[in-house]
Amino acid sequence: MRVRGLGKRYGALEVFRNIDFDVGAREIVAIVGPSGCGKTTLLRCIDGLLPHDAGEIWVGDQRVTEPIAGVAMVFQHFGLFPWKTVYENVAYGLRMAGAPKAEIERKVPEFVKLVGLAGFEKAFPYQMSGGMQQRCGLARALAVEPNVLLMDEPFAAVDAQTREILQFELVRIWEERPTAMIFVTHSIEEAVLLGHRVIVLKGRPSSIHETITIDLPSPRTRDTLRHPRFAELRERVWNTLMREAREAEFVLER
Ligand SMILES: Nc1ncnc2c1ncn2[C@@H]1O[C@H](COP(=O)(O)OP(=O)(O)OP(=O)(O)O)[C@@H](O)[C@H]1O
């Protein structure tokens with residue numbers, strides 16, 4: 001997918017401008033930036049949920065001007081229907097995409113299993129931990145087999161231990177089902193651990209300040225965290241961000 005010259009404003013507030021980047025079909029691009037720089041807004045534009053004011057978004061040969069089937073989103077607060085079971089939540093995305101009944105019946109168990117929720121098909125969100133709910137959110141997004149998967153701080157609402165488990169689960173799942181992925185996070189460590197490239201947004205209105213290639217071996221594992229290059233790259237992103245953060249007096253999670 002590609003984004004060219006993208007700009008967005010909310011009335012008088014210009015959020016970002018001149019955003020240009022590509023995401024390869026098997027690439028994870030992480031986006032970091034100070035709070036309020038427009039990361040969620042950018043994802044919602046790419047999802048077609050929000051109109052953009054300038055530029056273009058292309059998924060394959062399809063221009064995004066409204067929600068399209070090839071793009072799926074995983075939300076920070078899971079975005080599950082509380083009155084629907086795991087099975088029904090995962091089926092929902094497929095139903096919305098117009099999938100026939102037989103396909104839904106085949107795919108839901110497949111993707112529930114892929115995210116490690118087999119046996120929980122009949123559970124409701126309130127009966128599950130945050131981590132399990134996010135696995136369900138991931139299954140729902142993946143079941144439509146999107147060309148682009150958008151992740152908006154997907155692990156921010158779970159505890160630190162669960163977050164670490166889910167990060168490596170995501171690596172495992174992505175290795176099985178690679179897609180283009182845009183991963184928004186406040187955590188520099190998470191961006192470097194998961195991303196093949198990290199985009200740093202800055203300024204008001206924000207734009208891309210730097211794109212850092214994460215040349216760490218894949219698949220990423222817990223050993224990646226101890227790789228000397230990991231520390232170097234984390235410092236590089238940190239320094240880039242903190243320079244901006246100090247200027248703007250933002251506080252960032254390291
Ligand atoms: N619907 C809206 N109407 C008006 N302004 C908005 C709206 N949504 C967001 N904003 C503003 O646009 C800017 C970007 O918001 P956005 O949530 O995209 O930033 P973010 O980088 O995702 O923030 P955070 O890291 O805190 O989640 C902020 O100044 C925010 O207050």
# chains A, B, ... in the order shown; residues from 1 in each chain; ligands from 1
call {"tool": "residues_near_ligand", "arguments": {"ligand": "ligand 1", "cutoff": "6 Å", "atoms": "only C-alpha atoms and all ligand atoms", "output": "ChimeraX atom specification"}}
result
/A:10,15,35-41
call {"tool": "write_last_selection", "arguments": {"atoms": "C-alpha atoms", "output": "CSV table (one decimal), in the first residue's frame"}}
result
chain,number,residue,atom,x,y,z
A,10,TYR,CA,-10.1,19.0,12.0
A,15,VAL,CA,-3.1,17.5,12.3
A,35,SER,CA,0.9,12.1,22.0
A,36,GLY,CA,-1.6,14.0,19.9
A,37,CYS,CA,0.6,14.0,16.7
A,38,GLY,CA,-2.1,12.3,14.8
A,39,LYS,CA,-1.3,8.6,14.8
A,40,THR,CA,-4.8,7.4,15.4
A,41,THR,CA,-6.1,10.0,12.9
call {"tool": "residues_around", "arguments": {"residues": "Cys136 of chain A", "least_positions_apart": "3", "cutoff": "10 Å", "atoms": "only C-alpha atoms", "output": "number ranges by chain"}}
result
A: 74, 78-80, 85-87, 89-90, 111-112, 115-117, 120-121, 125, 128, 130-133, 139-142
call {"tool": "closest_residue", "arguments": {"among": "A:Leu43, A:Met1, A:Val198, A:Leu216", "to": "Gln62 of chain A", "atoms": "only C-alpha atoms"}}
result
A:Met1
call {"tool": "select_by_dssp", "arguments": {"residues": "segment 54-152 of chain A", "states": "helix (DSSP H, G or I)", "output": "VMD selection string"}}
result
chain A and resid 86 to 96 101 to 114 125 to 127 130 to 143
call {"tool": "residues_around", "arguments": {"residues": "Pro205 of chain A", "least_positions_apart": "5", "cutoff": "7 Å", "atoms": "only C-alpha atoms", "output": "ChimeraX atom specification"}}
result
/A:14-17
call {"tool": "closest_residue", "arguments": {"among": "A:Asp20, A:Ala25, A:Glu164, A:Ile214", "to": "Pro178 of chain A", "atoms": "only C-alpha atoms"}}
result
A:Ala25
call {"tool": "closest_residue", "arguments": {"among": "A:Val3, A:Gln161, A:Gln76, A:Gly98", "to": "Val59 of chain A", "atoms": "only C-alpha atoms"}}
result
A:Val3
call {"tool": "residues_around", "arguments": {"residues": "Leu233 of chain A", "least_positions_apart": "2", "cutoff": "10 Å", "atoms": "only C-alpha atoms", "output": "VMD selection string"}}
result
chain A and resid 188 to 189 192 to 193 198 212 to 216 228 to 231 235 to 239
call {"tool": "write_last_selection", "arguments": {"atoms": "C-alpha atoms", "output": "short mmCIF file (atom, residue, chain, number, x, y, z; two decimals), in the first residue's frame"}}
result
data_model
loop_
_atom_site.label_atom_id
_atom_site.label_comp_id
_atom_site.auth_asym_id
_atom_site.auth_seq_id
_atom_site.Cartn_x
_atom_site.Cartn_y
_atom_site.Cartn_z
CA ILE A 188 9.79 2.56 21.40
CA GLU A 189 10.82 -0.92 22.48
CA VAL A 192 11.80 -1.69 17.32
CA LEU A 193 10.93 -5.24 18.35
CA VAL A 198 9.92 2.69 12.29
CA ILE A 212 14.50 4.08 10.57
CA THR A 213 15.14 0.66 9.05
CA ILE A 214 15.20 -2.03 11.72
CA ASP A 215 17.82 -4.41 10.40
CA LEU A 216 17.34 -7.07 13.05
CA PRO A 228 23.29 -5.41 20.65
CA ARG A 229 21.74 -3.88 17.54
CA PHE A 230 18.36 -3.78 19.29
CA ALA A 231 19.77 -1.47 21.96
CA GLU A 235 18.48 4.51 21.39
CA ARG A 236 18.27 5.96 17.92
CA VAL A 237 14.48 6.09 17.93
CA TRP A 238 14.54 7.33 21.52
CA ASN A 239 16.94 10.18 20.70
#
call {"tool": "atom_distance", "arguments": {"atom1": "atom CA of Phe155 of chain A", "atom2": "atom CA of Ser207 of chain A"}}
result
24.6 Å
call {"tool": "closest_residue", "arguments": {"among": "A:Ala191, A:Val184, A:Ala54, A:Ile104", "to": "Arg4 of chain A", "atoms": "only C-alpha atoms"}}
result
A:Ala54
call {"tool": "closest_residue", "arguments": {"among": "A:Arg222, A:Lys8, A:Lys101, A:Arg95", "to": "Phe168 of chain A", "atoms": "only C-alpha atoms"}}
result
A:Arg222
call {"tool": "closest_residue", "arguments": {"among": "A:Glu66, A:Gly11, A:Ala91, A:Ala118", "to": "Glu103 of chain A", "atoms": "only C-alpha atoms"}}
result
A:Ala91
call {"tool": "atom_distance", "arguments": {"atom1": "atom CA of Pro217 of chain A", "atom2": "atom CA of Pro146 of chain A"}}
result
25.2 Å
